[in-house]
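For reference, work.txt is printed below; it contains compact mmCIF, C-alpha atoms and all ligand atoms.
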```txt
# COMPACT_ATOMS: atom_id res chain seq x y z
CA MET A 6 106.83 -142.80 97.85
CA ASN A 7 109.37 -141.41 100.33
CA THR A 8 108.89 -137.97 101.88
CA ALA A 9 111.32 -136.12 99.59
CA ASP A 10 109.56 -137.61 96.54
CA LEU A 11 106.16 -136.51 97.89
CA PHE A 12 107.56 -132.98 98.07
CA SER A 13 109.04 -133.00 94.59
CA GLU A 14 105.75 -134.25 93.18
CA TYR A 15 103.22 -132.24 95.21
CA VAL A 16 104.76 -129.32 97.14
CA VAL A 17 105.52 -125.99 95.43
CA PRO A 18 109.33 -125.77 95.47
CA THR A 19 109.68 -122.36 97.17
CA TYR A 20 112.28 -123.71 99.61
CA GLY A 21 115.71 -125.22 99.01
CA ARG A 22 115.44 -127.99 101.60
CA PHE A 23 118.18 -130.05 103.23
CA ASN A 24 117.89 -133.76 102.58
CA LEU A 25 116.46 -134.46 105.99
CA ALA A 26 112.90 -135.45 106.99
CA ILE A 27 112.27 -134.73 110.66
CA ALA A 28 109.77 -137.09 112.22
CA ARG A 29 109.65 -136.13 115.91
CA GLY A 30 111.24 -133.97 118.58
CA ARG A 31 111.64 -133.68 122.35
CA GLY A 32 113.38 -130.86 124.21
CA CYS A 33 116.45 -129.77 122.23
CA ARG A 34 116.54 -132.92 120.12
CA VAL A 35 114.83 -134.16 116.96
CA TRP A 36 114.86 -137.51 115.17
CA ASP A 37 114.67 -138.10 111.42
CA GLU A 38 112.54 -140.75 109.72
CA GLU A 39 115.39 -143.27 109.98
CA GLY A 40 115.55 -142.67 113.74
CA ARG A 41 118.83 -140.67 113.67
CA GLU A 42 119.11 -138.19 116.52
CA TYR A 43 120.12 -134.53 116.11
CA LEU A 44 120.78 -131.76 118.57
CA ASP A 45 118.48 -128.99 117.31
CA PHE A 46 120.26 -125.63 117.46
CA GLY A 47 117.95 -124.16 114.82
CA ALA A 48 114.73 -124.62 116.84
CA GLY A 49 112.63 -124.13 113.71
CA ILE A 50 114.51 -120.85 113.00
CA ALA A 51 114.19 -119.34 116.48
CA VAL A 52 110.62 -120.55 116.95
CA CYS A 53 110.59 -123.50 119.40
CA SER A 54 111.50 -121.30 122.35
CA ILE A 55 110.83 -123.99 124.98
CA GLY A 56 111.91 -126.94 122.83
CA HIS A 57 109.96 -129.70 121.15
CA SER A 58 106.93 -131.50 122.61
CA HIS A 59 106.98 -129.49 125.83
CA PRO A 60 104.36 -131.04 128.14
CA ARG A 61 103.02 -127.59 129.11
CA ILE A 62 102.31 -126.84 125.41
CA THR A 63 100.58 -130.21 125.01
CA GLU A 64 98.55 -129.54 128.14
CA ALA A 65 97.54 -126.00 127.06
CA LEU A 66 96.62 -127.21 123.55
CA THR A 67 94.51 -130.02 124.98
CA ARG A 68 92.79 -127.93 127.66
CA GLN A 69 91.95 -125.00 125.35
CA SER A 70 90.95 -127.21 122.38
CA GLN A 71 88.46 -128.95 124.64
CA THR A 72 87.04 -125.55 125.68
CA LEU A 73 87.08 -123.19 122.67
CA VAL A 74 89.34 -123.15 119.61
CA HIS A 75 88.03 -120.20 117.59
CA THR A 76 85.26 -117.61 117.80
CA SER A 77 86.37 -114.83 115.35
CA ASN A 78 87.15 -111.25 116.31
CA LEU A 79 83.46 -110.36 116.27
CA TYR A 80 83.50 -111.26 119.98
CA TYR A 81 85.76 -110.87 123.00
CA ASN A 82 87.78 -113.86 124.17
CA ARG A 83 89.59 -113.85 127.51
CA PRO A 84 92.86 -115.61 126.45
CA GLN A 85 93.48 -112.81 123.88
CA GLY A 86 92.89 -110.05 126.43
CA LEU A 87 95.14 -111.73 129.01
CA LEU A 88 97.94 -112.32 126.48
CA ALA A 89 97.78 -108.67 125.31
CA LYS A 90 98.14 -107.58 128.96
CA LYS A 91 101.15 -109.87 129.46
CA LEU A 92 102.92 -108.63 126.30
CA ALA A 93 102.21 -104.97 127.09
CA GLY A 94 103.69 -105.62 130.55
CA TYR A 95 106.92 -106.91 128.98
CA VAL A 96 107.29 -103.66 127.00
CA GLY A 97 106.69 -101.73 130.21
CA HIS A 98 105.10 -98.67 128.59
CA PRO A 99 101.39 -97.95 127.98
CA GLY A 100 100.27 -99.52 124.71
CA LYS A 101 98.00 -102.06 123.02
CA VAL A 102 98.47 -105.30 121.05
CA PHE A 103 97.08 -106.54 117.71
CA PHE A 104 97.27 -110.29 116.96
CA CYS A 105 97.88 -112.00 113.61
CA ASN A 106 99.51 -115.18 112.36
CA SER A 107 103.09 -114.62 111.20
CA GLY A 108 106.00 -112.23 111.19
CA ALA A 109 105.34 -110.86 107.71
CA GLU A 110 101.76 -110.21 108.73
CA ALA A 111 102.84 -108.46 111.93
CA ASN A 112 105.07 -106.17 109.84
CA GLU A 113 102.13 -105.49 107.49
CA ALA A 114 100.30 -104.08 110.52
CA LEU A 115 103.32 -101.82 111.16
CA TYR A 116 103.29 -100.57 107.54
CA LYS A 117 99.57 -99.86 107.78
CA LEU A 118 100.07 -98.09 111.10
CA ALA A 119 102.78 -95.94 109.48
CA ARG A 120 100.46 -95.05 106.58
CA LYS A 121 97.51 -94.27 108.90
CA PHE A 122 99.83 -92.11 110.96
CA GLY A 123 101.10 -90.40 107.80
CA ASN A 124 97.58 -89.85 106.48
CA GLU A 125 95.77 -88.79 109.60
CA THR A 126 98.21 -87.01 111.84
CA ALA A 127 99.45 -83.48 111.52
CA PRO A 128 102.90 -83.30 109.94
CA PRO A 129 105.55 -81.26 111.72
CA ALA A 130 106.72 -78.01 110.14
CA PRO A 131 108.50 -78.92 106.89
CA ARG A 132 112.29 -79.04 106.92
CA HIS A 133 112.42 -79.66 103.18
CA ASN A 134 110.97 -77.99 100.11
CA VAL A 135 107.56 -79.65 99.85
CA GLY A 136 107.11 -78.67 96.17
CA GLU A 137 103.55 -78.89 94.93
CA TRP A 138 102.24 -80.37 98.18
CA VAL A 139 99.66 -78.27 99.99
CA GLU A 140 100.94 -78.34 103.54
CA THR A 141 97.73 -79.39 105.31
CA ASP A 142 97.11 -82.19 102.77
CA ARG A 143 100.60 -83.55 102.98
CA ASN A 144 100.38 -87.32 103.33
CA ARG A 145 103.39 -89.18 104.60
CA TYR A 146 103.85 -92.80 103.63
CA GLU A 147 107.53 -93.56 103.11
CA ILE A 148 109.19 -96.07 105.41
CA ILE A 149 112.97 -96.14 105.72
CA THR A 150 114.52 -99.58 106.31
CA PHE A 151 118.09 -100.92 106.15
CA ASP A 152 120.45 -102.78 103.84
CA ASP A 153 120.54 -106.53 104.57
CA SER A 154 117.38 -106.35 106.68
CA PHE A 155 114.69 -109.01 106.46
CA HIS A 156 111.02 -108.22 107.06
CA GLY A 157 109.10 -111.08 105.42
CA ARG A 158 107.86 -112.34 102.08
CA THR A 159 104.62 -110.44 101.41
CA LEU A 160 104.79 -107.85 98.62
CA ALA A 161 105.28 -105.02 101.10
CA GLY A 162 107.64 -107.24 103.12
CA ILE A 163 109.99 -107.71 100.17
CA ALA A 164 109.83 -103.99 99.43
CA ALA A 165 110.83 -103.33 103.05
CA THR A 166 113.56 -105.98 103.04
CA GLY A 167 117.07 -104.79 102.20
CA GLN A 168 118.14 -107.83 100.16
CA GLN A 169 117.89 -107.87 96.38
CA LYS A 170 117.47 -111.66 96.24
CA VAL A 171 113.97 -111.53 97.79
CA LYS A 172 112.80 -108.80 95.38
CA THR A 173 113.99 -110.30 92.10
CA GLY A 174 111.17 -111.47 89.86
CA PHE A 175 108.41 -109.63 91.70
CA GLN A 176 108.59 -106.16 90.15
CA PRO A 177 107.08 -103.61 90.35
CA PRO A 178 107.79 -103.08 94.04
CA VAL A 179 105.21 -101.73 96.48
CA GLN A 180 105.79 -97.98 96.65
CA GLY A 181 107.10 -96.10 99.60
CA PHE A 182 110.03 -98.15 100.95
CA LEU A 183 113.70 -97.26 100.73
CA GLN A 184 116.81 -98.76 102.25
CA VAL A 185 119.86 -97.05 103.70
CA PRO A 186 123.10 -98.50 105.15
CA PHE A 187 122.71 -100.24 108.54
CA ASN A 188 124.02 -98.47 111.65
CA ASP A 189 124.41 -95.25 109.64
CA ALA A 190 122.50 -92.37 111.26
CA PRO A 191 123.56 -89.64 108.75
CA ALA A 192 122.21 -91.86 105.93
CA VAL A 193 118.84 -92.00 107.71
CA VAL A 194 118.71 -88.22 108.08
CA ALA A 195 119.66 -87.78 104.41
CA ALA A 196 116.86 -90.14 103.33
CA ILE A 197 114.09 -88.32 105.22
CA THR A 198 111.72 -86.39 102.94
CA PRO A 199 108.40 -84.56 103.55
CA ARG A 200 106.73 -87.90 102.80
CA THR A 201 108.60 -89.96 105.39
CA ALA A 202 106.32 -91.58 107.97
CA ALA A 203 108.54 -94.08 109.79
CA VAL A 204 111.85 -95.86 110.25
CA LEU A 205 111.69 -99.66 110.66
CA VAL A 206 114.71 -101.48 112.05
CA GLU A 207 115.64 -104.92 113.40
CA PRO A 208 117.54 -104.10 116.61
CA ILE A 209 119.59 -107.22 115.78
CA GLN A 210 119.67 -108.20 112.10
CA GLY A 211 119.13 -111.95 111.80
CA GLU A 212 119.78 -112.76 108.18
CA VAL A 213 123.41 -111.69 107.86
CA GLY A 214 124.98 -113.82 110.56
CA ILE A 215 123.51 -111.78 113.47
CA LEU A 216 124.39 -108.10 113.35
CA PRO A 217 123.33 -105.93 116.30
CA CYS A 218 122.59 -102.23 116.01
CA HIS A 219 125.12 -100.10 117.86
CA PRO A 220 123.30 -98.91 121.03
CA HIS A 221 124.26 -95.33 120.15
CA PHE A 222 122.71 -95.79 116.67
CA LEU A 223 119.40 -96.96 118.19
CA ARG A 224 119.34 -93.97 120.55
CA THR A 225 120.18 -91.62 117.66
CA LEU A 226 117.35 -93.15 115.62
CA ARG A 227 114.94 -92.30 118.45
CA SER A 228 116.02 -88.67 118.47
CA ILE A 229 115.99 -88.44 114.64
CA CYS A 230 112.41 -89.77 114.61
CA ASP A 231 111.38 -87.34 117.37
CA ASP A 232 113.01 -84.40 115.61
CA HIS A 233 111.22 -85.18 112.33
CA GLY A 234 107.88 -86.23 113.87
CA ILE A 235 108.03 -89.77 112.42
CA LEU A 236 107.55 -93.22 113.93
CA LEU A 237 110.29 -95.54 115.17
CA LEU A 238 109.26 -99.16 114.54
CA PHE A 239 111.20 -102.21 115.80
CA ASP A 240 111.02 -105.61 114.07
CA GLU A 241 111.66 -107.92 117.04
CA ILE A 242 110.36 -111.00 115.22
CA GLN A 243 113.63 -112.89 115.54
CA CYS A 244 115.34 -111.10 118.43
CA GLY A 245 112.39 -110.46 120.76
CA LEU A 246 110.59 -112.25 123.59
CA GLY A 247 113.53 -113.86 125.36
CA ARG A 248 116.11 -114.81 122.76
CA THR A 249 118.60 -112.13 123.82
CA GLY A 250 117.97 -112.77 127.52
CA ASP A 251 115.40 -109.95 127.82
CA TRP A 252 111.77 -109.76 126.77
CA CYS A 253 112.67 -106.82 124.55
CA GLY A 254 115.71 -107.56 122.40
CA TRP A 255 116.70 -103.91 122.05
CA LYS A 256 116.80 -103.48 125.85
CA THR A 257 119.71 -105.96 125.97
CA LEU A 258 121.57 -103.41 123.83
CA THR A 259 120.37 -100.09 125.24
CA GLY A 260 118.78 -100.72 128.64
CA ASP A 261 115.29 -99.61 129.63
CA ASP A 262 115.30 -95.97 128.67
CA LEU A 263 114.62 -96.29 124.93
CA MET A 264 111.06 -96.85 123.68
CA PRO A 265 109.94 -97.44 120.08
CA ASP A 266 106.48 -96.39 118.87
CA ALA A 267 105.55 -99.92 117.79
CA ILE A 268 107.03 -103.44 117.77
CA SER A 269 106.40 -106.57 115.70
CA TRP A 270 106.75 -110.11 117.14
CA ALA A 271 106.26 -113.65 115.84
CA LYS A 272 108.56 -116.72 115.77
CA GLY A 273 109.09 -117.75 119.43
CA ILE A 274 105.94 -116.06 120.77
CA ALA A 275 103.93 -119.30 120.94
CA GLY A 276 106.72 -121.88 120.82
CA GLY A 277 105.75 -123.12 117.33
CA PHE A 278 102.02 -122.45 117.26
CA PRO A 279 101.63 -119.89 114.43
CA MET A 280 101.21 -116.37 115.81
CA GLY A 281 102.31 -112.83 115.09
CA ALA A 282 101.59 -109.68 117.08
CA VAL A 283 102.32 -105.99 117.21
CA TRP A 284 102.47 -103.67 120.19
CA ILE A 285 101.64 -100.01 119.58
CA SER A 286 102.34 -97.19 122.01
CA ASN A 287 99.46 -95.22 123.54
CA ARG A 288 101.39 -91.99 123.18
CA LYS A 289 99.23 -89.10 122.02
CA THR A 290 99.50 -87.92 118.43
CA ALA A 291 97.92 -84.73 117.01
CA LEU A 292 95.30 -85.36 114.30
CA LYS A 293 94.95 -83.32 111.08
CA LYS A 294 91.23 -82.96 111.73
CA GLY A 295 91.94 -81.52 115.18
CA GLY A 296 92.31 -83.05 118.59
CA ASP A 297 94.56 -85.98 119.30
CA SER A 298 94.51 -89.76 119.57
CA PRO A 299 96.61 -92.46 121.19
CA LEU A 300 98.81 -93.92 118.43
CA ALA A 301 97.41 -97.42 119.14
CA ASP A 302 93.87 -96.21 118.45
CA LEU A 303 94.71 -95.03 114.90
CA LEU A 304 94.01 -98.61 113.76
CA GLY A 305 90.33 -98.27 114.66
CA PRO A 306 87.37 -100.57 113.88
CA GLY A 307 87.38 -101.71 110.25
CA SER A 308 90.91 -100.50 109.52
CA HIS A 309 92.71 -103.83 109.82
CA GLY A 310 92.04 -107.44 110.72
CA THR A 311 92.56 -111.13 110.09
CA THR A 312 90.23 -114.08 110.67
CA PHE A 313 92.62 -116.18 112.73
CA GLY A 314 94.29 -113.36 114.70
CA GLY A 315 94.35 -114.05 118.44
CA THR A 316 92.22 -117.19 118.61
CA PRO A 317 91.60 -118.56 122.10
CA LEU A 318 93.73 -121.60 121.18
CA ALA A 319 96.74 -119.61 119.88
CA CYS A 320 96.59 -117.18 122.82
CA ALA A 321 96.29 -119.94 125.42
CA VAL A 322 99.38 -121.66 123.99
CA ALA A 323 101.37 -118.40 123.75
CA GLY A 324 100.38 -117.49 127.32
CA GLU A 325 101.64 -120.89 128.50
CA VAL A 326 104.94 -120.64 126.58
CA LEU A 327 105.62 -117.20 128.06
CA ALA A 328 104.68 -118.49 131.54
CA VAL A 329 107.23 -121.32 131.18
CA ILE A 330 109.91 -118.78 130.19
CA GLU A 331 109.03 -116.74 133.30
CA GLU A 332 108.73 -119.64 135.76
CA GLU A 333 111.84 -121.51 134.60
CA ASN A 334 113.95 -118.34 134.54
CA LEU A 335 114.81 -118.86 130.89
CA LEU A 336 115.78 -115.23 130.25
CA ALA A 337 118.68 -115.68 132.64
CA ASN A 338 119.45 -119.07 131.05
CA ALA A 339 119.58 -117.45 127.58
CA LYS A 340 121.93 -114.75 128.83
CA GLU A 341 124.25 -117.08 130.74
CA LEU A 342 124.46 -119.96 128.26
CA GLY A 343 124.56 -117.56 125.28
CA ALA A 344 127.61 -115.87 126.81
CA HIS A 345 129.21 -119.29 127.43
CA ALA A 346 128.59 -120.46 123.85
CA LEU A 347 129.85 -117.16 122.41
CA ARG A 348 133.03 -117.32 124.50
CA GLU A 349 133.77 -120.91 123.49
CA LEU A 350 133.02 -120.33 119.80
CA LYS A 351 135.31 -117.29 119.78
CA ALA A 352 138.02 -119.39 121.43
CA LEU A 353 137.94 -121.96 118.59
CA GLY A 354 140.47 -119.85 116.71
CA SER A 355 139.96 -121.57 113.36
CA PRO A 356 141.17 -119.68 110.26
CA LEU A 357 137.86 -120.74 108.70
CA ILE A 358 135.98 -118.46 111.10
CA LYS A 359 136.09 -114.74 110.42
CA GLU A 360 133.94 -113.57 113.32
CA VAL A 361 131.49 -114.84 115.93
CA ARG A 362 128.76 -112.37 117.01
CA GLY A 363 125.87 -112.84 119.33
CA VAL A 364 123.44 -111.56 121.91
CA GLY A 365 122.04 -114.21 124.27
CA LEU A 366 121.02 -117.30 122.31
CA LEU A 367 121.07 -115.44 118.99
CA ILE A 368 124.53 -116.32 117.74
CA GLY A 369 126.06 -115.91 114.29
CA ILE A 370 129.26 -117.52 113.03
CA GLU A 371 130.68 -115.84 109.92
CA PHE A 372 133.13 -117.83 107.81
CA SER A 373 136.18 -116.35 106.12
CA GLU A 374 135.89 -114.93 102.62
CA GLY A 375 137.45 -117.01 99.89
CA MET A 376 137.10 -120.14 102.01
CA SER A 377 136.86 -123.15 99.72
CA LEU A 378 135.51 -126.38 101.12
CA PRO A 379 136.41 -129.76 99.66
CA GLY A 380 133.68 -131.03 97.32
CA ALA A 381 131.53 -127.89 97.76
CA GLY A 382 131.67 -126.79 94.10
CA SER A 383 129.50 -123.69 93.71
CA ARG A 384 127.39 -124.51 96.81
CA PRO A 385 127.64 -121.61 99.31
CA PRO A 386 129.95 -122.45 102.24
CA ALA A 387 127.14 -121.95 104.78
CA LEU A 388 125.13 -124.74 103.13
CA THR A 389 128.09 -127.11 102.81
CA LEU A 390 128.96 -126.60 106.48
CA THR A 391 125.35 -127.12 107.49
CA ASP A 392 125.36 -130.44 105.57
CA LEU A 393 128.53 -131.52 107.38
CA LEU A 394 127.07 -130.53 110.77
CA HIS A 395 123.89 -132.47 109.99
CA ALA A 396 125.99 -135.53 109.21
CA ALA A 397 127.66 -135.05 112.61
CA GLY A 398 124.29 -134.71 114.39
CA LEU A 399 123.86 -130.94 114.85
CA LEU A 400 121.16 -128.76 113.23
CA CYS A 401 122.11 -125.08 112.64
CA VAL A 402 120.54 -122.47 110.36
CA PRO A 403 122.40 -120.79 107.47
CA SER A 404 122.26 -117.01 107.47
CA GLY A 405 123.32 -115.64 104.09
CA ALA A 406 126.00 -117.41 102.05
CA ARG A 407 128.82 -117.36 104.61
CA SER A 408 127.23 -117.47 108.05
CA LEU A 409 125.48 -119.92 110.33
CA ARG A 410 123.14 -119.23 113.24
CA TRP A 411 122.88 -121.00 116.56
CA LEU A 412 119.32 -120.48 117.84
CA PRO A 413 118.73 -123.26 120.38
CA PRO A 414 115.58 -123.36 122.53
CA LEU A 415 115.78 -120.99 125.52
CA ASN A 416 115.71 -123.99 127.89
CA VAL A 417 118.85 -125.54 126.39
CA THR A 418 121.20 -126.92 129.06
CA ARG A 419 124.90 -126.29 129.52
CA ALA A 420 125.55 -129.97 128.72
CA GLU A 421 123.71 -129.56 125.40
CA ILE A 422 125.67 -126.40 124.55
CA ASP A 423 128.92 -128.25 125.33
CA GLU A 424 127.80 -131.19 123.17
CA ALA A 425 127.06 -128.81 120.27
CA LEU A 426 130.45 -127.16 120.77
CA ARG A 427 132.16 -130.60 120.61
CA ILE A 428 130.34 -131.48 117.36
CA PHE A 429 131.01 -128.06 115.83
CA ARG A 430 134.67 -128.09 116.82
CA GLY A 431 135.08 -131.61 115.36
CA VAL A 432 133.59 -130.59 112.00
CA VAL A 433 135.46 -127.27 111.71
CA LEU A 434 138.84 -128.70 112.80
CA ALA A 435 138.47 -131.63 110.37
CA LEU A 436 138.37 -129.07 107.55
C1 LIG B 1 113.38 -110.12 111.49
C2 LIG B 1 112.32 -110.87 110.76
N1 LIG B 1 111.24 -110.19 110.33
C3 LIG B 1 110.22 -110.80 109.67
C4 LIG B 1 110.28 -112.15 109.41
C5 LIG B 1 109.14 -112.82 108.67
O1 LIG B 1 108.47 -113.67 109.54
P1 LIG B 1 107.53 -114.83 108.96
O2 LIG B 1 108.44 -115.79 108.26
O3 LIG B 1 106.85 -115.41 110.18
O4 LIG B 1 106.57 -114.19 108.02
C6 LIG B 1 111.39 -112.89 109.82
C7 LIG B 1 111.49 -114.32 109.50
O5 LIG B 1 112.56 -114.89 109.43
C8 LIG B 1 112.43 -112.24 110.52
O6 LIG B 1 113.51 -112.89 110.94
```
What does this structure look like when you write it as structure tokens?
Amino acid sequence: MNTADLFSEYVVPTYGRFNLAIARGRGCRVWDEEGREYLDFGAGIAVCSIGHSHPRITEALTRQSQTLVHTSNLYYNRPQGLLAKKLAGYVGHPGKVFFCNSGAEANEALYKLARKFGNETAPPAPRHNVGEWVETDRNRYEIITFDDSFHGRTLAGIAATGQQKVKTGFQPPVQGFLQVPFNDAPAVVAAITPRTAAVLVEPIQGEVGILPCHPHFLRTLRSICDDHGILLLFDEIQCGLGRTGDWCGWKTLTGDDLMPDAISWAKGIAGGFPMGAVWISNRKTALKKGGDSPLADLLGPGSHGTTFGGTPLACAVAGEVLAVIEEENLLANAKELGAHALRELKALGSPLIKEVRGVGLLIGIEFSEGMSLPGAGSRPPALTLTDLLHAAGLLCVPSGARSLRWLPPLNVTRAEIDEALRIFRGVVLAL
């Protein structure tokens, strides 16, 4: 039985897969089962941040697996503590880290933080008519998110996500999420009610062909949240930890002066070893019962957890991946080569391309509306183009129906970017 047949017989068909079985990878390249080589500008959807089969990952996996793989969170383990310190250092503001296993799970921790905050902290003086609510009992639980956002596939994740296609078939939705237009500060203010606990935003939306927040919008969100006494949460799962050329994706847009109350990470954090994490600020928050607490300590013992969160193995690998990014100066590489790729893609000047947007090595190419591709039928243009690029030896990731993403490893070389540009240009100009 070939690999595709094994899948159709035995694997639940949740994914529409390309007809490609990847057998091995090294650096920015992968090979399929027939031995065909591809330049991998998808990197496992922004996950393989230092490329495939990096010797430092192999070495860290081997060393730590020969020492201690798992102990549970009943005990301390040093790799987890050291990784938390490193991540908190990247944020550059006092705070603490919780570890889990995926992006959706990291966002779940943010939703629970928002509810704990809404339940246990003193609400500010009401700006709205609070109706039958007794002021001191007022619980806040609503989280405002944005149209076209993506926050993961758990039940709360699809309620938070601003795309109908992920919600369909899974009604009723988890309560307490609402979406407003992206980059629209007045819409956020209009959506705030006495029950609002938080605003959750991707500083750079990843699922609609890469759409950054306007820096002014992010700053306005901070002041809206401060004015209304609610949390500002950043989903940096796709844009964080180096992809934009900074550890914190939003800092590439706004500089250092803006600080969220909590951040979620996953994807590139451990170069392909499954891990998610959240950072929560230590800023003091007044409690309903009196006194105050650091925000990070609201998720106290027994309030949240996961068996595999922060194992010594996962943390040792993540620590090594982040050390490679530091030592090999890959933030600067992402900035420089991202700018080069963006410039060259913009210069293509094909009528097929509506717009190219990007920050560092997070690049989106949006195709023109009404574009019809020969032989595509009803298949969305992004998928047809991805097929054609595969045939030419380049892996990219669709992003919605009309956009593609370039998300190469952060240690991609200029020669590899130029090779990808040659392949891309050849496919687009042939159309
Ligand atoms: C911005 C963002 N948030 C959340 C997620 C969900 O992460 P995961 O697939 O690891 O659950 C993703 C995944 O694509 C994402 O891009």
### Query
Which chains and residue numbers are within 7 Å of ligand LIG 1 (chain B), counting all atoms listed in the file, if I want them as a list in words?
Ser107, Gly108, Ala109, Glu110, Asn112, Phe155, His156, Gly157, Arg158, Glu207, Gln210, Gly211, Glu212, Asp240, Glu241, Ile242, Gln243, Ala271 and Lys272 of chain A
### Query
If you measure from atom CA of A:Glu325 to atom CA of A:Asp261, what distance in Å do you get, rounded to one decimal?
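Going from atom CA of A:Glu325 over to atom CA of A:Asp261, I get 25.3 Å.
Neighbourhood of point (114.7, -111.0, 120.3): residues with an atom at most 6 Å away, counting all atoms listed in the file, are Glu241, Gln243, Cys244, Gly245, Leu246, Gly247, Arg248, Thr249 and Gly254 of chain A.
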Closest-contact table, stretch 294-313 of chain A side, partner stretch 76-95 of chain A, 12 Å, counting only C-alpha atoms, as a Markdown table:
```
| residue | atom | partner | partner_atom | distance |
| --- | --- | --- | --- | --- |
| A:Ala301 | CA | A:Ala93 | CA | 12.0 |
| A:Pro306 | CA | A:Leu79 | CA | 10.8 |
| A:Gly307 | CA | A:Leu79 | CA | 11.2 |
| A:His309 | CA | A:Asn78 | CA | 11.3 |
| A:Gly310 | CA | A:Asn78 | CA | 8.3 |
| A:Thr311 | CA | A:Asn78 | CA | 8.2 |
| A:Thr312 | CA | A:Ser77 | CA | 6.1 |
| A:Phe313 | CA | A:Ser77 | CA | 6.9 |
```
Listed atoms of stretch 186-193 of chain A boxed along x, y and z, 4 Å each side, centre and edge lengths in Å, one decimal, as lines of an AutoDock Vina configuration file:
```
center_x = 121.6
center_y = -94.9
center_z = 108.4
size_x = 13.6
size_y = 18.6
size_z = 14.5
```
### Message
Just checking: using all atoms listed in the file, which residue out of A:Gly162, A:Gly314, A:Gly295, A:Gly276 ends up closest to A:Phe175?
### Response
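That would be A:Gly162, the residue with the smallest distance to A:Phe175.
Among the candidate residues A:Gly123, A:Pro217, A:Pro279, A:Pro191, the one lying nearest to A:Ile229 is A:Pro191, with distances computed using all atoms listed in the file.
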### Task
Find the residues near A:Arg41: any atom within 12 Å, counting all atoms listed in the file, skip ones fewer than 3 places away on the same chain, and give them as a list in words.
Leu25, Ala26, Ile27, Ala28, Arg29, Gly30, Arg34, Val35, Trp36, Asp37, Glu38, Leu44, His395, Ala396, Ala397, Gly398 and Leu399 of chain A
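Near stretch 419-422 of chain A, within 10 Å and counting only C-alpha atoms, sit Cys33, Arg34, Leu44, Asp45, Phe46, Asn338, Glu341, Leu342, Gly343, His345, Ala346, Glu349, Pro413, Asn416, Val417, Glu424, Ala425, Leu426, Arg427 and Ile428 of chain A, not including residues fewer than 2 positions from it in the same chain.
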Would you save the residues from that selection as a PDB file, in the coordinates of the input, using C-alpha atoms?
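Written output follows (result_39.pdb):
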```pdb
ATOM      1  CA  CYS A  33     116.450-129.770 122.230  1.00  0.00           C
ATOM      2  CA  ARG A  34     116.540-132.920 120.120  1.00  0.00           C
ATOM      3  CA  LEU A  44     120.780-131.760 118.570  1.00  0.00           C
ATOM      4  CA  ASP A  45     118.480-128.990 117.310  1.00  0.00           C
ATOM      5  CA  PHE A  46     120.260-125.630 117.460  1.00  0.00           C
ATOM      6  CA  ASN A 338     119.450-119.070 131.050  1.00  0.00           C
ATOM      7  CA  GLU A 341     124.250-117.080 130.740  1.00  0.00           C
ATOM      8  CA  LEU A 342     124.460-119.960 128.260  1.00  0.00           C
ATOM      9  CA  GLY A 343     124.560-117.560 125.280  1.00  0.00           C
ATOM     10  CA  HIS A 345     129.210-119.290 127.430  1.00  0.00           C
ATOM     11  CA  ALA A 346     128.590-120.460 123.850  1.00  0.00           C
ATOM     12  CA  GLU A 349     133.770-120.910 123.490  1.00  0.00           C
ATOM     13  CA  PRO A 413     118.730-123.260 120.380  1.00  0.00           C
ATOM     14  CA  ASN A 416     115.710-123.990 127.890  1.00  0.00           C
ATOM     15  CA  VAL A 417     118.850-125.540 126.390  1.00  0.00           C
ATOM     16  CA  GLU A 424     127.800-131.190 123.170  1.00  0.00           C
ATOM     17  CA  ALA A 425     127.060-128.810 120.270  1.00  0.00           C
ATOM     18  CA  LEU A 426     130.450-127.160 120.770  1.00  0.00           C
ATOM     19  CA  ARG A 427     132.160-130.600 120.610  1.00  0.00           C
ATOM     20  CA  ILE A 428     130.340-131.480 117.360  1.00  0.00           C
TER      21      ILE A 428
END
```
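Our summary of the geometry notes that atom CA of A:Gln71 is positioned 23.4 Å from atom CA of A:Cys53.
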Take the structure in the block and write a file for stretch 331-335 of chain A, N, CA, C and O atoms, as a CSV table (one decimal), in the first residue's frame.
```csv
chain,number,residue,atom,x,y,z
A,331,GLU,N,20.1,32.7,18.5
A,331,GLU,CA,20.9,33.8,19.0
A,331,GLU,C,22.3,33.7,18.4
A,331,GLU,O,22.8,34.7,17.9
A,332,GLU,N,23.0,32.5,18.5
A,332,GLU,CA,24.4,32.4,18.2
A,332,GLU,C,24.6,32.7,16.7
A,332,GLU,O,25.7,33.2,16.3
A,333,GLU,N,23.7,32.3,15.8
A,333,GLU,CA,23.9,32.4,14.4
A,333,GLU,C,23.3,33.7,13.9
A,333,GLU,O,23.2,33.9,12.6
A,334,ASN,N,22.9,34.6,14.8
A,334,ASN,CA,22.4,35.9,14.4
A,334,ASN,C,21.2,35.8,13.4
A,334,ASN,O,21.1,36.5,12.4
A,335,LEU,N,20.3,34.9,13.7
A,335,LEU,CA,19.2,34.6,12.7
A,335,LEU,C,18.1,35.6,12.7
A,335,LEU,O,17.3,35.7,11.7
```
